[in-house]
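S.K.: Have a look at this one before I ask anything.
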Amino acid sequence: MLQHKPKTRYFSAKRVALLGILCAMGLIMFMVESLFPPLFLPGAKMGLSNIFSLLTVYLLGPVDALVLIVVRTTLGSMFTGNMSTLMYSLTAGVVSVVVSSVLVEFVYPKISIVSISVVSALLHNITQNVVFCLVSDTPEMFSYMPWLALVGVVAGIIVGFAVWFILKTVPLRVFANFLTDVSTPKLAENPND
């Protein structure tokens with residue numbers, strides 16, 4: 001398992017390649033998920049593309065994750081033909097990445113990657129709802145907050161377990177091939193995981 005360490009600030013070719021792969025996978029997941037109807041509330045989705053955002057925070061750091069969020073939400077909004085959602089998705093994505101980056105940097109592994117994902121998903125949904133209420137001048141939409149929190153917890157658990165599963169099952173050499181020249185993530189088996 002990769003042991004998280006502070007990330008360096010430069011972009012190598014391998015690092016950009018890994019970021020490109022993660023962006024593409026996140027965009028594909030976003031596009032697939034946009035084909036399905038909302039869950040229980042208008043606009044409520046599982047947010048499975050956030051698997052790749054959290055994975056990027058963990059593997060590469062906050063700057064790379066912010067790049068991924070901007071690219072994924074912008075291209076996703078363009079491809080789905082719904083640019084009006086960009087302000088909600090981008091704002092919520094940035095808040096989510098900042099919070100998960102702080103938690104990964106300062107609290108992980110005291111709390112699990114699943115817990116970080118749940119907090120991140122909750123804040124993502126709350127931020128989207130607040131931005132929507134402010135932009136559309138519909139304060140009655142704040143009544144959705146408890147339901148969006150519930151969807152956020154479920155989505156966070158799913159995304160967190162997906163990231164945990166990826167980190168546990170993908171061979172270390174796959175990540176090492178991209179990260180060896182970065183030299184910050186320490187590749188080591190963690191017997192406690």
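Quick note on naming: the chains in the structure tokens go A, B, ... in the order shown, residues restart at 1 in each chain, and ligands are numbered from 1 in order of appearance.
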Would you list the contacts of Val95 of chain A as a list in words, taking every protein, DNA or RNA residue within 8 Å and counting only C-alpha atoms, but skipping same-chain residues closer than 5 positions in sequence?
M.R.: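 Here the qualifying residues turn out to be Leu123, His124 and Thr127 of chain A.
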S.K.: Save out the residues we just selected, N, CA and C atoms, as a compact mmCIF listing (two decimals), in the first residue's frame.
M.R.:
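File written: again-v6.txt
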# COMPACT_ATOMS: atom_id res chain seq x y z
N LEU A 123 -19.60 17.79 2.29
CA LEU A 123 -19.32 19.19 1.97
C LEU A 123 -19.58 19.50 0.49
N HIS A 124 -19.33 18.53 -0.37
CA HIS A 124 -19.61 18.70 -1.79
C HIS A 124 -21.09 18.98 -2.01
N THR A 127 -22.21 22.35 -0.41
CA THR A 127 -21.73 23.48 -1.20
C THR A 127 -22.56 23.66 -2.47
S.K.: How close does each residue of segment 58-141 of chain A get to segment 19-41 of chain A, giving the shortest atom pair and distance in Å to one decimal for every residue with an atom at most 12 Å away, counting only C-alpha atoms, sorted by chain and residue number, as a tab-separated table?
M.R.:
residue	atom	partner	partner_atom	distance
A:Leu59	CA	A:Leu19	CA	9.7
A:Leu60	CA	A:Leu19	CA	8.1
A:Gly61	CA	A:Leu19	CA	10.6
A:Pro62	CA	A:Leu19	CA	11.8
A:Val63	CA	A:Leu19	CA	10.7
A:Asp64	CA	A:Leu19	CA	7.0
A:Ala65	CA	A:Leu19	CA	8.4
A:Leu66	CA	A:Cys23	CA	10.7
A:Val67	CA	A:Leu19	CA	8.6
A:Leu68	CA	A:Cys23	CA	5.4
A:Ile69	CA	A:Cys23	CA	8.1
A:Val70	CA	A:Cys23	CA	9.6
A:Val71	CA	A:Cys23	CA	7.1
A:Arg72	CA	A:Leu27	CA	5.3
A:Thr73	CA	A:Leu27	CA	7.9
A:Thr74	CA	A:Leu27	CA	9.7
A:Leu75	CA	A:Leu27	CA	7.5
A:Gly76	CA	A:Leu27	CA	6.2
A:Ser77	CA	A:Met31	CA	9.2
A:Met78	CA	A:Met31	CA	10.5
A:Phe79	CA	A:Met31	CA	7.9
A:Thr80	CA	A:Met31	CA	7.2
A:Gly81	CA	A:Ser34	CA	10.8
A:Asn82	CA	A:Ser34	CA	10.5
A:Thr85	CA	A:Ser34	CA	11.9
A:Ser89	CA	A:Phe30	CA	11.2
A:Asn125	CA	A:Leu41	CA	11.7
A:Asn129	CA	A:Leu41	CA	11.5
A:Met141	CA	A:Leu41	CA	11.0
S.K.: Could you write those residues out with N, CA and C atoms, as a PDB file, in the first residue's frame?
M.R.:
ATOM      1  N   LEU A  59      -2.579  10.265  -4.239  1.00  0.00           N
ATOM      2  CA  LEU A  59      -1.361   9.901  -4.968  1.00  0.00           C
ATOM      3  C   LEU A  59      -0.496  11.095  -5.343  1.00  0.00           C
ATOM      4  N   LEU A  60      -1.114  12.176  -5.789  1.00  0.00           N
ATOM      5  CA  LEU A  60      -0.353  13.273  -6.370  1.00  0.00           C
ATOM      6  C   LEU A  60      -0.396  14.583  -5.579  1.00  0.00           C
ATOM      7  N   GLY A  61      -1.458  14.801  -4.838  1.00  0.00           N
ATOM      8  CA  GLY A  61      -1.542  16.017  -4.035  1.00  0.00           C
ATOM      9  C   GLY A  61      -2.628  16.966  -4.486  1.00  0.00           C
ATOM     10  N   PRO A  62      -2.795  18.055  -3.732  1.00  0.00           N
ATOM     11  CA  PRO A  62      -3.914  18.964  -3.965  1.00  0.00           C
ATOM     12  C   PRO A  62      -3.853  19.741  -5.274  1.00  0.00           C
ATOM     13  N   VAL A  63      -2.678  20.150  -5.696  1.00  0.00           N
ATOM     14  CA  VAL A  63      -2.588  20.929  -6.952  1.00  0.00           C
ATOM     15  C   VAL A  63      -3.053  20.080  -8.127  1.00  0.00           C
ATOM     16  N   ASP A  64      -2.578  18.863  -8.192  1.00  0.00           N
ATOM     17  CA  ASP A  64      -2.983  17.954  -9.272  1.00  0.00           C
ATOM     18  C   ASP A  64      -4.484  17.659  -9.192  1.00  0.00           C
ATOM     19  N   ALA A  65      -5.002  17.494  -7.982  1.00  0.00           N
ATOM     20  CA  ALA A  65      -6.429  17.218  -7.818  1.00  0.00           C
ATOM     21  C   ALA A  65      -7.273  18.411  -8.258  1.00  0.00           C
ATOM     22  N   LEU A  66      -6.802  19.624  -7.988  1.00  0.00           N
ATOM     23  CA  LEU A  66      -7.527  20.810  -8.459  1.00  0.00           C
ATOM     24  C   LEU A  66      -7.521  20.889  -9.978  1.00  0.00           C
ATOM     25  N   VAL A  67      -6.389  20.554 -10.589  1.00  0.00           N
ATOM     26  CA  VAL A  67      -6.326  20.506 -12.059  1.00  0.00           C
ATOM     27  C   VAL A  67      -7.335  19.496 -12.581  1.00  0.00           C
ATOM     28  N   LEU A  68      -7.372  18.324 -11.968  1.00  0.00           N
ATOM     29  CA  LEU A  68      -8.321  17.291 -12.377  1.00  0.00           C
ATOM     30  C   LEU A  68      -9.758  17.787 -12.268  1.00  0.00           C
ATOM     31  N   ILE A  69     -10.112  18.449 -11.167  1.00  0.00           N
ATOM     32  CA  ILE A  69     -11.472  18.949 -10.968  1.00  0.00           C
ATOM     33  C   ILE A  69     -11.840  19.960 -12.039  1.00  0.00           C
ATOM     34  N   VAL A  70     -10.951  20.892 -12.319  1.00  0.00           N
ATOM     35  CA  VAL A  70     -11.242  21.926 -13.326  1.00  0.00           C
ATOM     36  C   VAL A  70     -11.429  21.292 -14.698  1.00  0.00           C
ATOM     37  N   VAL A  71     -10.524  20.397 -15.068  1.00  0.00           N
ATOM     38  CA  VAL A  71     -10.616  19.744 -16.380  1.00  0.00           C
ATOM     39  C   VAL A  71     -11.877  18.891 -16.480  1.00  0.00           C
ATOM     40  N   ARG A  72     -12.099  18.057 -15.468  1.00  0.00           N
ATOM     41  CA  ARG A  72     -13.248  17.141 -15.511  1.00  0.00           C
ATOM     42  C   ARG A  72     -14.577  17.871 -15.523  1.00  0.00           C
ATOM     43  N   THR A  73     -14.744  18.865 -14.663  1.00  0.00           N
ATOM     44  CA  THR A  73     -16.037  19.552 -14.612  1.00  0.00           C
ATOM     45  C   THR A  73     -16.267  20.413 -15.841  1.00  0.00           C
ATOM     46  N   THR A  74     -15.224  21.047 -16.347  1.00  0.00           N
ATOM     47  CA  THR A  74     -15.388  21.877 -17.542  1.00  0.00           C
ATOM     48  C   THR A  74     -15.711  21.021 -18.760  1.00  0.00           C
ATOM     49  N   LEU A  75     -14.901  20.001 -18.996  1.00  0.00           N
ATOM     50  CA  LEU A  75     -15.169  19.131 -20.152  1.00  0.00           C
ATOM     51  C   LEU A  75     -16.475  18.364 -19.989  1.00  0.00           C
ATOM     52  N   GLY A  76     -16.760  17.905 -18.787  1.00  0.00           N
ATOM     53  CA  GLY A  76     -18.009  17.186 -18.543  1.00  0.00           C
ATOM     54  C   GLY A  76     -19.224  18.050 -18.821  1.00  0.00           C
ATOM     55  N   SER A  77     -19.172  19.314 -18.390  1.00  0.00           N
ATOM     56  CA  SER A  77     -20.285  20.230 -18.655  1.00  0.00           C
ATOM     57  C   SER A  77     -20.419  20.514 -20.144  1.00  0.00           C
ATOM     58  N   MET A  78     -19.288  20.643 -20.826  1.00  0.00           N
ATOM     59  CA  MET A  78     -19.329  20.880 -22.280  1.00  0.00           C
ATOM     60  C   MET A  78     -19.893  19.668 -23.013  1.00  0.00           C
ATOM     61  N   PHE A  79     -19.411  18.488 -22.667  1.00  0.00           N
ATOM     62  CA  PHE A  79     -19.830  17.274 -23.367  1.00  0.00           C
ATOM     63  C   PHE A  79     -21.294  16.920 -23.119  1.00  0.00           C
ATOM     64  N   THR A  80     -21.779  17.214 -21.913  1.00  0.00           N
ATOM     65  CA  THR A  80     -23.186  16.922 -21.627  1.00  0.00           C
ATOM     66  C   THR A  80     -24.094  18.053 -22.082  1.00  0.00           C
ATOM     67  N   GLY A  81     -23.510  19.161 -22.524  1.00  0.00           N
ATOM     68  CA  GLY A  81     -24.299  20.285 -23.022  1.00  0.00           C
ATOM     69  C   GLY A  81     -25.019  21.036 -21.918  1.00  0.00           C
ATOM     70  N   ASN A  82     -24.464  21.010 -20.725  1.00  0.00           N
ATOM     71  CA  ASN A  82     -25.115  21.646 -19.594  1.00  0.00           C
ATOM     72  C   ASN A  82     -24.113  22.535 -18.858  1.00  0.00           C
ATOM     73  N   THR A  85     -24.455  23.978 -15.083  1.00  0.00           N
ATOM     74  CA  THR A  85     -24.077  23.228 -13.876  1.00  0.00           C
ATOM     75  C   THR A  85     -22.609  23.419 -13.498  1.00  0.00           C
ATOM     76  N   SER A  89     -20.863  22.526  -9.876  1.00  0.00           N
ATOM     77  CA  SER A  89     -19.924  21.403  -9.821  1.00  0.00           C
ATOM     78  C   SER A  89     -18.511  21.860  -9.511  1.00  0.00           C
ATOM     79  N   ASN A 125     -21.945  18.131  -1.428  1.00  0.00           N
ATOM     80  CA  ASN A 125     -23.394  18.290  -1.610  1.00  0.00           C
ATOM     81  C   ASN A 125     -23.914  19.573  -0.969  1.00  0.00           C
ATOM     82  N   ASN A 129     -25.628  22.795  -2.985  1.00  0.00           N
ATOM     83  CA  ASN A 129     -26.956  23.282  -2.626  1.00  0.00           C
ATOM     84  C   ASN A 129     -26.922  24.761  -2.253  1.00  0.00           C
ATOM     85  N   MET A 141     -34.952  25.777  -1.140  1.00  0.00           N
ATOM     86  CA  MET A 141     -34.151  24.599  -1.494  1.00  0.00           C
ATOM     87  C   MET A 141     -33.232  24.157  -0.352  1.00  0.00           C
TER      88      MET A 141
END
S.K.: Could you check the closest approach to Ala155 of chain A for each of A:Val174, A:Ala17, A:Leu48, A:Val57 and tell me which residue wins, using only C-alpha atoms?
M.R.: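 Selected residue with least distance to Ala155 of chain A: A:Leu48.
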S.K.: Pull the helix (DSSP H, G or I) assignments for segment 19-185 of chain A out of DSSP run on the backbone, and list those residues as a PyMOL selection string.
M.R.: chain A and resi 19-34+50-59+62-80+83-106+113-136+139-169+172-179
S.K.: Taking a cut-off of 12 Å and counting only C-alpha atoms, can you build a table that, for each residue of segment 1-112 of chain A near segment 134-138 of chain A, reports the nearest atom pair and how far apart they are in Å (one decimal), sorted by chain then residue number, as CSV?
M.R.:
residue,atom,partner,partner_atom,distance
A:Ser84,CA,A:Val135,CA,10.8
A:Thr85,CA,A:Val135,CA,11.3
A:Met87,CA,A:Val135,CA,9.4
A:Tyr88,CA,A:Val135,CA,9.4
S.K.: Using only N, CA and C atoms, please write the residues we just selected to a file, as an mmCIF file, in the first residue's frame.
M.R.:
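What ended up in again_37.cif:
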data_model
loop_
_atom_site.group_PDB
_atom_site.id
_atom_site.type_symbol
_atom_site.label_atom_id
_atom_site.label_comp_id
_atom_site.auth_asym_id
_atom_site.auth_seq_id
_atom_site.Cartn_x
_atom_site.Cartn_y
_atom_site.Cartn_z
ATOM 1 N N SER A 84 -24.541 25.305 -17.477
ATOM 2 C CA SER A 84 -25.061 25.995 -16.300
ATOM 3 C C SER A 84 -24.689 25.270 -15.007
ATOM 4 N N THR A 85 -24.455 23.978 -15.083
ATOM 5 C CA THR A 85 -24.077 23.228 -13.876
ATOM 6 C C THR A 85 -22.609 23.419 -13.498
ATOM 7 N N MET A 87 -20.936 26.039 -12.591
ATOM 8 C CA MET A 87 -20.681 26.842 -11.380
ATOM 9 C C MET A 87 -20.941 26.042 -10.105
ATOM 10 N N TYR A 88 -21.909 25.133 -10.137
ATOM 11 C CA TYR A 88 -22.193 24.320 -8.947
ATOM 12 C C TYR A 88 -21.137 23.232 -8.783
#
S.K.: Would you work out the distance separating atom CA of Leu18 of chain A from atom CA of Thr169 of chain A, expressed in Å to one decimal?
M.R.: 17.5 Å
S.K.: Rounded to one decimal in Å, what is the spacing between atom CA of Val163 of chain A and atom CA of Ala92 of chain A?
M.R.: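 We find that atom CA of Val163 of chain A and atom CA of Ala92 of chain A lie 19.5 Å from each other.
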S.K.: Any idea what's packed within 7 Å of Gly152 of chain A, counting only C-alpha atoms, ignoring anything in its chain fewer than 4 positions away? Could you give it as a list of chain:residue names?
M.R.: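 Near neighbours after the sequence-gap exclusion: A:Val118, A:Ala121, A:Leu122, A:Asn125, A:Leu148, A:Gly156.
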S.K.: In Å, rounded to a single decimal, give me how far atom CA of Gly47 of chain A is from atom CA of Leu103 of chain A.
M.R.: 19.4 Å
